[in-house]
Amino acid sequence: MAEEQQLRQDLEELRHLESIAKRPRVLSLLSSEIRNLDATLSKVTAAVAAAAAQPAASAEKAPAAASALNYVTLGSFSWDQDNDKIKLYLLLEGVQEGKMETVFKPVSVDIKFHDVQGKNYRFSILKLNKEIVPEKCKVVVKPTKVIVTLSKASKGNWLDLHFKEDKLKPSLDKDKDPMAGIMDLMKNMYEEGDDEMKRTIAKAWSDARSGKTADSLRGYP
């Protein structure tokens, strides 16, 4: 800043000398020096302006650095379905359509609600029970709730929203011992079954160890 001020004063004095000079050689020398000094002043002025702009640029970047917003998870909701679609009902007041961020994928849903009464909320299902059609899904905002409609990729009834591994499904691994797969299935049935099922499977294991067949399982409904 001091350098810029000094250059301006020198330039002003040279221009004053140019105004009173009469000899051509002196005028030429003064004119040349004025041009050089003027160019130097322009560079110094630009440098000062750039330096002044750096704090402003840093201030503009600060919100971006703080863009990792905190969200309150919306875990409580209700839902129903028909043959073609799923409807989710999220109880949330004060939602603005312009402050929503929705991401629908074939097997997932992620919806963010920004600045709802001073908070940010998020609803997501990482893996749906079955596939949906993202481009046909929609969100409707009501005064006290948000209704999310998921379009089913194939018609039919969903037993649950979330994907669940079928524990009772035997392994189809060709390299695995078939008996090992049957034993895994029996273990899962034992864990999931009632007392009668557990007694039946325990007897089947005992018969298998003694070389008998597991016919006792056949009588279980």
# chains A, B, ... in the order shown; residues from 1 in each chain; ligands from 1
>>> residues_around(residues="Asp115 in chain A", least_positions_apart="5", cutoff="9 Å", atoms="only C-alpha atoms", output="list in words")
Gly94, Val95, Gln96, Lys99, Asn120 and Tyr121 of chain A
>>> residues_around(residues="Leu74 in chain A", least_positions_apart="5", cutoff="10 Å", atoms="only C-alpha atoms", output="ChimeraX atom specification")
/A:90-92,111-112,121-124
>>> residues_around(residues="range 129-140 of chain A", least_positions_apart="6", cutoff="9 Å", atoms="only C-alpha atoms", output="NGL selection string")
:A and (85 or 97 or 102-109 or 146-154 or 158-164)
>>> write_last_selection(atoms="C-alpha atoms", output="mmCIF file, in the first residue's frame")
data_model
loop_
_atom_site.group_PDB
_atom_site.id
_atom_site.type_symbol
_atom_site.label_atom_id
_atom_site.label_comp_id
_atom_site.auth_asym_id
_atom_site.auth_seq_id
_atom_site.Cartn_x
_atom_site.Cartn_y
_atom_site.Cartn_z
ATOM 1 C CA LYS A 85 -46.943 -49.128 -5.625
ATOM 2 C CA GLU A 97 -40.411 -28.598 -1.669
ATOM 3 C CA THR A 102 -34.396 -36.939 -3.427
ATOM 4 C CA VAL A 103 -32.430 -39.883 -4.812
ATOM 5 C CA PHE A 104 -34.365 -42.914 -6.057
ATOM 6 C CA LYS A 105 -32.458 -45.968 -7.276
ATOM 7 C CA PRO A 106 -33.722 -49.435 -8.287
ATOM 8 C CA VAL A 107 -33.233 -50.846 -4.776
ATOM 9 C CA SER A 108 -32.752 -47.791 -2.541
ATOM 10 C CA VAL A 109 -34.355 -44.527 -1.407
ATOM 11 C CA VAL A 146 -44.638 -36.105 3.438
ATOM 12 C CA ILE A 147 -45.979 -38.880 1.211
ATOM 13 C CA VAL A 148 -43.413 -40.874 -0.771
ATOM 14 C CA THR A 149 -44.732 -43.078 -3.577
ATOM 15 C CA LEU A 150 -42.529 -45.926 -4.817
ATOM 16 C CA SER A 151 -43.491 -47.531 -8.105
ATOM 17 C CA LYS A 152 -42.955 -51.297 -8.065
ATOM 18 C CA ALA A 153 -40.877 -52.735 -10.889
ATOM 19 C CA SER A 154 -43.080 -55.839 -10.838
ATOM 20 C CA TRP A 158 -44.204 -57.033 -0.515
ATOM 21 C CA LEU A 159 -43.842 -58.797 2.840
ATOM 22 C CA ASP A 160 -41.454 -56.088 4.041
ATOM 23 C CA LEU A 161 -39.886 -52.833 2.862
ATOM 24 C CA HIS A 162 -36.341 -53.906 3.659
ATOM 25 C CA PHE A 163 -34.479 -56.713 1.959
ATOM 26 C CA LYS A 164 -33.964 -59.711 4.198
#
>>> residues_around(residues="range 3-13 of chain A", least_positions_apart="4", cutoff="9 Å", atoms="only C-alpha atoms", output="list in words")
Leu17, Glu18, Glu33, Ile34, Leu37, Asp38, Thr40, Leu41, Val44, Thr45 and Val48 of chain A
>>> write_last_selection(atoms="all heavy atoms", output="compact mmCIF listing (two decimals), in the first residue's frame")
# COMPACT_ATOMS: atom_id res chain seq x y z
N LEU A 17 6.28 18.14 -13.89
CA LEU A 17 7.49 18.58 -14.57
C LEU A 17 7.29 18.58 -16.08
O LEU A 17 7.78 19.47 -16.79
CB LEU A 17 8.66 17.66 -14.21
CG LEU A 17 9.15 17.75 -12.75
CD1 LEU A 17 10.19 16.66 -12.48
CD2 LEU A 17 9.74 19.13 -12.48
N GLU A 18 6.53 17.58 -16.57
CA GLU A 18 6.27 17.51 -18.01
C GLU A 18 5.47 18.73 -18.49
O GLU A 18 5.68 19.24 -19.60
CB GLU A 18 5.51 16.23 -18.34
CG GLU A 18 5.27 16.03 -19.84
CD GLU A 18 4.44 14.80 -20.12
OE1 GLU A 18 3.58 14.45 -19.26
OE2 GLU A 18 4.63 14.17 -21.17
N GLU A 33 9.66 8.16 -18.95
CA GLU A 33 9.66 7.77 -17.54
C GLU A 33 8.24 7.68 -16.99
O GLU A 33 7.93 6.79 -16.18
CB GLU A 33 10.48 8.79 -16.73
CG GLU A 33 10.68 8.40 -15.28
CD GLU A 33 11.44 7.09 -15.13
OE1 GLU A 33 12.23 6.74 -16.02
OE2 GLU A 33 11.24 6.39 -14.11
N ILE A 34 7.39 8.60 -17.45
CA ILE A 34 5.99 8.57 -17.01
C ILE A 34 5.30 7.28 -17.46
O ILE A 34 4.56 6.65 -16.71
CB ILE A 34 5.24 9.82 -17.54
CG1 ILE A 34 5.68 11.06 -16.76
CG2 ILE A 34 3.73 9.63 -17.41
CD1 ILE A 34 5.15 12.36 -17.33
N LEU A 37 6.64 4.39 -15.32
CA LEU A 37 6.13 4.47 -13.95
C LEU A 37 4.63 4.13 -13.90
O LEU A 37 4.16 3.50 -12.96
CB LEU A 37 6.38 5.89 -13.41
CG LEU A 37 6.26 6.06 -11.89
CD1 LEU A 37 7.24 5.13 -11.18
CD2 LEU A 37 6.54 7.50 -11.50
N ASP A 38 3.93 4.54 -14.96
CA ASP A 38 2.50 4.26 -15.04
C ASP A 38 2.25 2.74 -15.13
O ASP A 38 1.33 2.19 -14.51
CB ASP A 38 1.92 4.97 -16.26
CG ASP A 38 0.42 5.14 -16.14
OD1 ASP A 38 -0.11 5.05 -15.00
OD2 ASP A 38 -0.25 5.34 -17.18
N THR A 40 4.33 0.40 -14.04
CA THR A 40 4.67 -0.18 -12.74
C THR A 40 3.54 0.02 -11.74
O THR A 40 3.20 -0.89 -10.97
CB THR A 40 5.96 0.47 -12.21
OG1 THR A 40 7.02 0.28 -13.15
CG2 THR A 40 6.35 -0.14 -10.86
N LEU A 41 2.93 1.20 -11.75
CA LEU A 41 1.83 1.49 -10.84
C LEU A 41 0.63 0.57 -11.10
O LEU A 41 -0.03 0.10 -10.17
CB LEU A 41 1.42 2.96 -10.99
CG LEU A 41 0.24 3.40 -10.12
CD1 LEU A 41 0.58 3.25 -8.64
CD2 LEU A 41 -0.12 4.87 -10.42
N VAL A 44 1.40 -2.79 -9.55
CA VAL A 44 1.31 -2.74 -8.09
C VAL A 44 -0.15 -2.67 -7.64
O VAL A 44 -0.57 -3.33 -6.68
CB VAL A 44 2.12 -1.55 -7.55
CG1 VAL A 44 1.86 -1.36 -6.06
CG2 VAL A 44 3.60 -1.75 -7.81
N THR A 45 -0.94 -1.87 -8.35
CA THR A 45 -2.36 -1.74 -8.02
C THR A 45 -3.09 -3.07 -8.17
O THR A 45 -3.92 -3.46 -7.34
CB THR A 45 -3.02 -0.69 -8.92
OG1 THR A 45 -2.34 0.57 -8.76
CG2 THR A 45 -4.49 -0.52 -8.57
N VAL A 48 -2.15 -5.37 -5.27
CA VAL A 48 -2.83 -4.97 -4.04
C VAL A 48 -4.30 -5.43 -4.06
O VAL A 48 -4.83 -5.93 -3.08
CB VAL A 48 -2.75 -3.44 -3.85
CG1 VAL A 48 -3.65 -2.99 -2.70
CG2 VAL A 48 -1.31 -3.02 -3.59
>>> atom_distance(atom1="CA of Phe77 in chain A", atom2="CA of Gly118 in chain A")
21.0 Å
>>> closest_residue(among="A:His16, A:Lys155, A:Lys119, A:Lys142", to="Ile86 in chain A", atoms="only C-alpha atoms")
A:Lys155
>>> select_by_dssp(residues="range 62-115 of chain A", states="alpha helix (DSSP H)", output="number ranges by chain")
A: 62-65
>>> decode(residues="range 21-175 of chain A", atoms="C-alpha atoms", output="short mmCIF file (atom, residue, chain, number, x, y, z; two decimals), in the first residue's frame")
data_model
loop_
_atom_site.label_atom_id
_atom_site.label_comp_id
_atom_site.auth_asym_id
_atom_site.auth_seq_id
_atom_site.Cartn_x
_atom_site.Cartn_y
_atom_site.Cartn_z
CA ALA A 21 9.23 21.51 -19.50
CA LYS A 22 10.00 23.14 -22.85
CA ARG A 23 13.05 21.43 -24.30
CA PRO A 24 12.14 18.44 -26.61
CA ARG A 25 14.78 16.14 -25.16
CA VAL A 26 13.58 16.78 -21.59
CA LEU A 27 9.97 16.27 -22.65
CA SER A 28 10.88 12.97 -24.32
CA LEU A 29 12.74 11.73 -21.24
CA LEU A 30 9.90 12.74 -18.94
CA SER A 31 7.29 11.13 -21.19
CA SER A 32 9.23 7.85 -21.32
CA GLU A 33 9.66 7.77 -17.54
CA ILE A 34 5.99 8.57 -17.01
CA ARG A 35 4.98 5.61 -19.22
CA ASN A 36 7.31 3.25 -17.33
CA LEU A 37 6.13 4.47 -13.95
CA ASP A 38 2.50 4.26 -15.04
CA ALA A 39 2.98 0.62 -16.05
CA THR A 40 4.67 -0.18 -12.74
CA LEU A 41 1.83 1.49 -10.84
CA SER A 42 -0.74 -0.59 -12.72
CA LYS A 43 1.03 -3.81 -11.72
CA VAL A 44 1.31 -2.74 -8.09
CA THR A 45 -2.36 -1.74 -8.02
CA ALA A 46 -3.40 -5.12 -9.46
CA ALA A 47 -1.28 -6.95 -6.88
CA VAL A 48 -2.83 -4.97 -4.04
CA ALA A 49 -6.34 -5.69 -5.36
CA ALA A 50 -5.58 -9.43 -5.62
CA ALA A 51 -4.25 -9.51 -2.08
CA ALA A 52 -7.38 -7.78 -0.82
CA ALA A 53 -9.60 -10.28 -2.64
CA GLN A 54 -7.98 -13.34 -1.01
CA PRO A 55 -9.72 -13.00 2.39
CA ALA A 56 -13.07 -12.62 0.61
CA ALA A 57 -12.41 -15.76 -1.42
CA SER A 58 -11.50 -17.63 1.75
CA ALA A 59 -14.73 -16.45 3.35
CA GLU A 60 -16.70 -17.72 0.37
CA LYS A 61 -15.03 -21.14 0.66
CA ALA A 62 -15.79 -21.40 4.36
CA PRO A 63 -19.46 -22.41 3.88
CA ALA A 64 -18.38 -25.06 1.38
CA ALA A 65 -16.01 -26.53 3.94
CA ALA A 66 -18.88 -26.63 6.39
CA SER A 67 -21.24 -28.23 3.89
CA ALA A 68 -21.08 -31.58 5.71
CA LEU A 69 -24.50 -31.03 7.26
CA ASN A 70 -25.83 -32.93 10.22
CA TYR A 71 -29.10 -34.82 9.73
CA VAL A 72 -31.73 -36.16 12.08
CA THR A 73 -32.73 -39.65 10.93
CA LEU A 74 -36.43 -40.18 10.27
CA GLY A 75 -36.88 -43.71 11.52
CA SER A 76 -40.57 -43.60 12.43
CA PHE A 77 -43.02 -43.87 9.55
CA SER A 78 -45.96 -45.87 8.26
CA TRP A 79 -46.59 -47.48 4.89
CA ASP A 80 -49.13 -49.32 2.83
CA GLN A 81 -49.25 -50.81 -0.64
CA ASP A 82 -51.34 -51.99 -3.54
CA ASN A 83 -50.41 -54.20 -6.45
CA ASP A 84 -48.44 -51.43 -8.24
CA LYS A 85 -46.94 -49.13 -5.62
CA ILE A 86 -45.75 -48.54 -2.08
CA LYS A 87 -46.73 -45.42 -0.12
CA LEU A 88 -44.61 -44.14 2.75
CA TYR A 89 -46.00 -41.61 5.24
CA LEU A 90 -43.40 -39.47 7.01
CA LEU A 91 -44.72 -37.26 9.82
CA LEU A 92 -42.77 -34.03 9.36
CA GLU A 93 -44.12 -30.47 9.47
CA GLY A 94 -42.67 -27.42 7.76
CA VAL A 95 -41.07 -29.15 4.77
CA GLN A 96 -40.42 -26.92 1.74
CA GLU A 97 -40.41 -28.60 -1.67
CA GLY A 98 -37.53 -26.40 -2.83
CA LYS A 99 -35.37 -27.62 0.04
CA MET A 100 -35.64 -31.35 -0.60
CA GLU A 101 -33.04 -33.63 -2.13
CA THR A 102 -34.40 -36.94 -3.43
CA VAL A 103 -32.43 -39.88 -4.81
CA PHE A 104 -34.37 -42.91 -6.06
CA LYS A 105 -32.46 -45.97 -7.28
CA PRO A 106 -33.72 -49.43 -8.29
CA VAL A 107 -33.23 -50.85 -4.78
CA SER A 108 -32.75 -47.79 -2.54
CA VAL A 109 -34.35 -44.53 -1.41
CA ASP A 110 -32.59 -41.48 0.04
CA ILE A 111 -34.47 -38.24 0.82
CA LYS A 112 -33.01 -35.20 2.58
CA PHE A 113 -35.10 -32.36 4.02
CA HIS A 114 -33.16 -29.16 4.62
CA ASP A 115 -33.94 -26.31 7.01
CA VAL A 116 -37.09 -27.77 8.56
CA GLN A 117 -37.71 -25.58 11.60
CA GLY A 118 -33.96 -25.09 11.91
CA LYS A 119 -33.00 -28.75 11.44
CA ASN A 120 -32.08 -31.12 8.61
CA TYR A 121 -33.79 -34.50 8.34
CA ARG A 122 -33.01 -37.61 6.33
CA PHE A 123 -35.00 -40.70 5.40
CA SER A 124 -33.28 -43.59 3.65
CA ILE A 125 -33.68 -47.28 2.91
CA LEU A 126 -30.36 -48.69 1.73
CA LYS A 127 -31.77 -51.89 0.28
CA LEU A 128 -35.43 -52.37 -0.56
CA ASN A 129 -37.18 -55.71 -0.49
CA LYS A 130 -37.66 -55.62 -4.26
CA GLU A 131 -36.87 -53.31 -7.17
CA ILE A 132 -38.66 -50.06 -7.95
CA VAL A 133 -38.86 -47.80 -11.01
CA PRO A 134 -36.96 -44.60 -9.98
CA GLU A 135 -38.39 -42.32 -12.68
CA LYS A 136 -41.95 -43.14 -11.60
CA CYS A 137 -41.38 -42.46 -7.90
CA LYS A 138 -42.50 -39.15 -6.40
CA VAL A 139 -42.71 -37.10 -3.21
CA VAL A 140 -45.75 -35.03 -2.20
CA VAL A 141 -45.47 -32.48 0.61
CA LYS A 142 -48.47 -31.96 2.89
CA PRO A 143 -48.77 -29.48 5.80
CA THR A 144 -48.05 -32.10 8.46
CA LYS A 145 -46.52 -34.98 6.54
CA VAL A 146 -44.64 -36.11 3.44
CA ILE A 147 -45.98 -38.88 1.21
CA VAL A 148 -43.41 -40.87 -0.77
CA THR A 149 -44.73 -43.08 -3.58
CA LEU A 150 -42.53 -45.93 -4.82
CA SER A 151 -43.49 -47.53 -8.10
CA LYS A 152 -42.95 -51.30 -8.07
CA ALA A 153 -40.88 -52.74 -10.89
CA SER A 154 -43.08 -55.84 -10.84
CA LYS A 155 -46.60 -56.17 -9.53
CA GLY A 156 -47.24 -58.08 -6.37
CA ASN A 157 -47.26 -57.96 -2.59
CA TRP A 158 -44.20 -57.03 -0.52
CA LEU A 159 -43.84 -58.80 2.84
CA ASP A 160 -41.45 -56.09 4.04
CA LEU A 161 -39.89 -52.83 2.86
CA HIS A 162 -36.34 -53.91 3.66
CA PHE A 163 -34.48 -56.71 1.96
CA LYS A 164 -33.96 -59.71 4.20
CA GLU A 165 -31.83 -62.74 3.49
CA ASP A 166 -33.90 -65.91 3.41
CA LYS A 167 -32.33 -68.01 6.17
CA LEU A 168 -34.40 -71.07 5.24
CA LYS A 169 -33.18 -71.05 1.64
CA PRO A 170 -30.58 -73.81 1.17
CA SER A 171 -27.22 -72.92 -0.32
CA LEU A 172 -26.86 -73.42 -4.08
CA ASP A 173 -23.07 -73.42 -4.01
CA LYS A 174 -22.09 -76.27 -6.33
CA ASP A 175 -18.69 -76.67 -4.68
#
